[in-house]
Every structure is written in C-alpha cells, then in structure tokens.
>>> print(open('model_18.pdb').read())   # PDB, C-alpha atoms
ATOM      1  CA  MET A   1      60.736   5.696  -5.757
ATOM      2  CA  ASP A   2      57.659   7.225  -4.060
ATOM      3  CA  HIS A   3      58.120  10.660  -5.612
ATOM      4  CA  GLU A   4      58.292   9.247  -9.166
ATOM      5  CA  LEU A   5      55.447   6.784  -8.804
ATOM      6  CA  THR A   6      51.784   7.581  -9.372
ATOM      7  CA  ILE A   7      49.538   5.296  -7.343
ATOM      8  CA  HIS A   8      45.804   5.171  -7.951
ATOM      9  CA  ASP A   9      43.181   3.874  -5.546
ATOM     10  CA  ASP A  10      40.359   1.828  -7.028
ATOM     11  CA  PRO A  11      37.936   1.621  -4.067
ATOM     12  CA  ARG A  12      35.469  -0.519  -6.009
ATOM     13  CA  ARG A  13      38.113  -3.230  -6.463
ATOM     14  CA  GLN A  14      39.804  -2.368  -3.151
ATOM     15  CA  ARG A  15      43.172  -1.984  -4.814
ATOM     16  CA  PHE A  16      46.014   0.500  -5.041
ATOM     17  CA  GLU A  17      47.682   0.257  -8.426
ATOM     18  CA  ALA A  18      50.729   1.721 -10.151
ATOM     19  CA  ILE A  19      51.538   1.359 -13.831
ATOM     20  CA  VAL A  20      55.264   1.447 -14.554
ATOM     21  CA  ASP A  21      56.747   0.745 -17.977
ATOM     22  CA  GLY A  22      53.398  -0.703 -19.068
ATOM     23  CA  HIS A  23      53.255  -3.185 -16.162
ATOM     24  CA  ALA A  24      50.682  -3.031 -13.349
ATOM     25  CA  SER A  25      51.778  -3.444  -9.737
ATOM     26  CA  ARG A  26      49.126  -3.624  -7.048
ATOM     27  CA  LEU A  27      48.235  -3.852  -3.390
ATOM     28  CA  ASP A  28      44.878  -5.444  -2.599
ATOM     29  CA  TYR A  29      43.087  -4.488   0.592
ATOM     30  CA  GLU A  30      39.800  -4.895   2.434
ATOM     31  CA  VAL A  31      38.269  -2.536   4.949
ATOM     32  CA  GLU A  32      36.754  -4.295   7.953
ATOM     33  CA  ASP A  33      35.524  -2.571  11.116
ATOM     34  CA  GLY A  34      37.826   0.439  10.871
ATOM     35  CA  VAL A  35      40.835  -1.583   9.725
ATOM     36  CA  MET A  36      42.483  -1.614   6.303
ATOM     37  CA  VAL A  37      43.561  -5.222   5.864
ATOM     38  CA  ILE A  38      46.453  -5.509   3.409
ATOM     39  CA  VAL A  39      45.745  -8.794   1.694
ATOM     40  CA  HIS A  40      48.297  -8.990  -1.117
ATOM     41  CA  THR A  41      51.030  -7.054  -2.892
ATOM     42  CA  GLU A  42      52.161  -7.943  -6.383
ATOM     43  CA  VAL A  43      54.931  -6.511  -8.539
ATOM     44  CA  PRO A  44      55.781  -8.108 -11.901
ATOM     45  CA  SER A  45      59.259  -9.630 -12.067
ATOM     46  CA  ALA A  46      60.298  -7.035 -14.681
ATOM     47  CA  LEU A  47      59.825  -4.315 -12.043
ATOM     48  CA  GLN A  48      61.118  -6.016  -8.908
ATOM     49  CA  GLY A  49      63.910  -4.360  -6.985
ATOM     50  CA  ARG A  50      62.748  -0.822  -7.794
ATOM     51  CA  GLY A  51      60.953  -0.092  -4.509
ATOM     52  CA  ILE A  52      57.477  -0.296  -5.972
ATOM     53  CA  ALA A  53      56.037  -2.743  -3.429
ATOM     54  CA  GLY A  54      57.323  -0.583  -0.584
ATOM     55  CA  ALA A  55      55.833   2.511  -2.188
ATOM     56  CA  LEU A  56      52.477   0.743  -2.444
ATOM     57  CA  VAL A  57      52.548  -0.240   1.249
ATOM     58  CA  ARG A  58      53.591   3.288   2.270
ATOM     59  CA  HIS A  59      50.760   4.741   0.165
ATOM     60  CA  ALA A  60      48.256   2.331   1.736
ATOM     61  CA  CYS A  61      49.424   3.329   5.224
ATOM     62  CA  GLU A  62      49.133   7.025   4.411
ATOM     63  CA  ALA A  63      45.657   6.455   2.970
ATOM     64  CA  ALA A  64      44.638   4.494   6.072
ATOM     65  CA  ARG A  65      45.931   7.282   8.316
ATOM     66  CA  ALA A  66      44.035   9.913   6.307
ATOM     67  CA  ARG A  67      40.840   7.859   6.573
ATOM     68  CA  GLY A  68      41.224   7.217  10.306
ATOM     69  CA  LEU A  69      41.798   3.491   9.809
ATOM     70  CA  GLN A  70      44.220   1.089  11.419
ATOM     71  CA  VAL A  71      46.238  -1.374   9.324
ATOM     72  CA  GLU A  72      46.452  -5.150   9.524
ATOM     73  CA  PRO A  73      49.075  -6.731   7.251
ATOM     74  CA  ARG A  74      47.992 -10.216   6.226
ATOM     75  CA  CYS A  75      50.484 -10.074   3.362
ATOM     76  CA  ASP A  76      53.979 -11.232   4.362
ATOM     77  CA  TYR A  77      55.655  -8.456   2.388
ATOM     78  CA  ALA A  78      53.548  -5.757   4.044
ATOM     79  CA  ALA A  79      54.189  -7.229   7.508
ATOM     80  CA  THR A  80      57.943  -7.224   6.882
ATOM     81  CA  TRP A  81      57.849  -3.686   5.481
ATOM     82  CA  LEU A  82      55.904  -2.429   8.501
ATOM     83  CA  ARG A  83      58.400  -4.039  10.905
ATOM     84  CA  ARG A  84      61.118  -2.033   9.141
ATOM     85  CA  HIS A  85      59.169   1.249   9.289
ATOM     86  CA  PRO A  86      58.292   1.975  12.924
ATOM     87  CA  GLU A  87      56.900   5.378  11.940
ATOM     88  CA  TYR A  88      53.725   3.478  11.020
ATOM     89  CA  ALA A  89      53.576   1.341  14.185
ATOM     90  CA  ASP A  90      50.733   3.478  15.563
ATOM     91  CA  LEU A  91      48.525   2.283  12.695
ATOM     92  CA  VAL A  92      49.113  -1.446  13.123
ATOM     93  CA  VAL A  93      46.454  -3.366  15.008
ATOM     94  CA  ALA A  94      47.749  -5.483  17.873
ATOM     95  CA  HIS A  95      46.768  -8.734  16.197
ATOM     96  CA  GLY A  96      48.269  -7.643  12.859
ATOM     97  CA  GLY A  97      51.033 -10.215  12.819
ATOM     98  CA  LEU A  98      54.129  -8.062  13.379
ATOM     99  CA  LYS A  99      55.728 -10.594  15.676
TER     100      LYS A  99
END
>>> encode(input="model_18.pdb", output="structure tokens")
Amino acid sequence: MDHELTIHDDPRRQRFEAIVDGHASRLDYEVEDGVMVIVHTEVPSALQGRGIAGALVRHACEAARARGLQVEPRCDYAATWLRRHPEYADLVVAHGGLK
C-alpha cells in the first residue's frame, strides 16, 4: 500500500495523515529529547485491512531516521508493527516497549 498512499506530515499538529476515499487516517507523535514518540494510530473502520496503519508507521520510522531521531512506540499497534519489522530495530529506544 505504501507506493499508492500519499502521507503528509503536519508538524504543527505532530501528525502524519493520509486521506483515502475521503477518510482521514493518522499517526500522532511527539518529539522529546531526540525521540519520536508514536502516541496513537487511527484508521477508520471503512479503511481497515488495507495496510494503511502499517504504511503510517513505516513513514514515521523513515521520517525519524531522516531527522536523526529514535522511535518510541507508546501505541500498541506501532509496537506490534515494529516487532514484526526488525529492519527498524536500530531506531527503537531501549525502553520503547518492544518486549
């Protein structure tokens, strides 16, 4: 889904957002001391199962890497996604909850 999805960063609101079929999906984050904290992901039920949440987490990780930030997933979905994608393990802070 990544290649079809356009994700926009709204730094003022600390949110990555994708509009698909008129519905907004989002990933909320905070930046604290060199760490992008993923606080929440939300995909409307009409869009679930299409890989949008995963694309948002991947985009956030790529943005964090480009900005020289680490990632801390406080969102259960993001933590699960990161456990399944070890290629981003170098970004995850030790106390990030990937137990």
>>> closest_atom_pairs(input="model_18.pdb", of="region 49-92 of chain A", to="region 13-17 of chain A", cutoff="9 Å", atoms="only C-alpha atoms", output="tab-separated table")
residue	atom	partner	partner_atom	distance
A:Leu56	CA	A:Phe16	CA	7.0
A:His59	CA	A:Phe16	CA	8.2
A:Ala60	CA	A:Phe16	CA	7.4
>>> atom_distance(input="model_18.pdb", atom1="CA of Val31 (chain A)", atom2="CA of Leu5 (chain A)")
23.9 Å
>>> residues_around(input="model_18.pdb", residues="Thr41 (chain A)", least_positions_apart="2", cutoff="12 Å", atoms="all atoms listed in the file", output="VMD selection string")
chain A and resid 15 to 18 24 to 29 37 to 39 43 to 44 48 52 to 58 60 73 to 81
>>> resolve_selection(input="model_18.pdb", expression="the PyMOL selection byres ((chain A and resi 71) around 8)", output="count of residues only")
14
>>> build_atoms(input="model_18.pdb", residues="region 50-76 of chain A", atoms="N, CA and C atoms", output="CSV table (one decimal), in the coordinates of the input")
chain,number,residue,atom,x,y,z
A,50,ARG,N,62.8,-2.3,-7.5
A,50,ARG,CA,62.7,-0.8,-7.8
A,50,ARG,C,62.0,-0.1,-6.7
A,51,GLY,N,61.6,-0.8,-5.6
A,51,GLY,CA,61.0,-0.1,-4.5
A,51,GLY,C,59.5,0.1,-4.7
A,52,ILE,N,58.9,-0.5,-5.7
A,52,ILE,CA,57.5,-0.3,-6.0
A,52,ILE,C,56.6,-0.9,-4.9
A,53,ALA,N,56.9,-2.1,-4.5
A,53,ALA,CA,56.0,-2.7,-3.4
A,53,ALA,C,56.1,-1.9,-2.1
A,54,GLY,N,57.2,-1.4,-1.8
A,54,GLY,CA,57.3,-0.6,-0.6
A,54,GLY,C,56.5,0.7,-0.7
A,55,ALA,N,56.6,1.3,-1.9
A,55,ALA,CA,55.8,2.5,-2.2
A,55,ALA,C,54.3,2.3,-2.1
A,56,LEU,N,53.9,1.1,-2.5
A,56,LEU,CA,52.5,0.7,-2.4
A,56,LEU,C,52.1,0.6,-1.0
A,57,VAL,N,52.9,-0.1,-0.2
A,57,VAL,CA,52.5,-0.2,1.2
A,57,VAL,C,52.5,1.1,2.0
A,58,ARG,N,53.5,2.0,1.7
A,58,ARG,CA,53.6,3.3,2.3
A,58,ARG,C,52.3,4.1,1.9
A,59,HIS,N,52.0,4.0,0.6
A,59,HIS,CA,50.8,4.7,0.2
A,59,HIS,C,49.5,4.2,0.9
A,60,ALA,N,49.4,2.9,1.0
A,60,ALA,CA,48.3,2.3,1.7
A,60,ALA,C,48.2,2.8,3.2
A,61,CYS,N,49.4,2.9,3.8
A,61,CYS,CA,49.4,3.3,5.2
A,61,CYS,C,49.0,4.8,5.3
A,62,GLU,N,49.5,5.6,4.4
A,62,GLU,CA,49.1,7.0,4.4
A,62,GLU,C,47.6,7.2,4.1
A,63,ALA,N,47.1,6.4,3.2
A,63,ALA,CA,45.7,6.5,3.0
A,63,ALA,C,44.9,6.0,4.2
A,64,ALA,N,45.3,5.0,4.9
A,64,ALA,CA,44.6,4.5,6.1
A,64,ALA,C,44.7,5.6,7.1
A,65,ARG,N,45.8,6.2,7.3
A,65,ARG,CA,45.9,7.3,8.3
A,65,ARG,C,45.0,8.4,8.0
A,66,ALA,N,44.9,8.8,6.7
A,66,ALA,CA,44.0,9.9,6.3
A,66,ALA,C,42.6,9.6,6.5
A,67,ARG,N,42.2,8.3,6.4
A,67,ARG,CA,40.8,7.9,6.6
A,67,ARG,C,40.5,7.5,8.0
A,68,GLY,N,41.5,7.6,8.9
A,68,GLY,CA,41.2,7.2,10.3
A,68,GLY,C,41.1,5.7,10.5
A,69,LEU,N,41.8,4.9,9.7
A,69,LEU,CA,41.8,3.5,9.8
A,69,LEU,C,43.1,3.0,10.4
A,70,GLN,N,43.0,1.8,11.0
A,70,GLN,CA,44.2,1.1,11.4
A,70,GLN,C,44.6,0.2,10.3
A,71,VAL,N,45.7,-0.5,10.4
A,71,VAL,CA,46.2,-1.4,9.3
A,71,VAL,C,46.5,-2.8,9.9
A,72,GLU,N,46.1,-3.8,9.2
A,72,GLU,CA,46.5,-5.2,9.5
A,72,GLU,C,47.1,-5.8,8.3
A,73,PRO,N,48.4,-6.1,8.4
A,73,PRO,CA,49.1,-6.7,7.3
A,73,PRO,C,48.9,-8.2,7.3
A,74,ARG,N,48.1,-8.8,6.4
A,74,ARG,CA,48.0,-10.2,6.2
A,74,ARG,C,48.9,-10.7,5.1
A,75,CYS,N,49.5,-9.8,4.4
A,75,CYS,CA,50.5,-10.1,3.4
A,75,CYS,C,51.9,-10.1,4.0
A,76,ASP,N,52.7,-11.1,3.8
A,76,ASP,CA,54.0,-11.2,4.4
A,76,ASP,C,54.9,-10.0,4.0
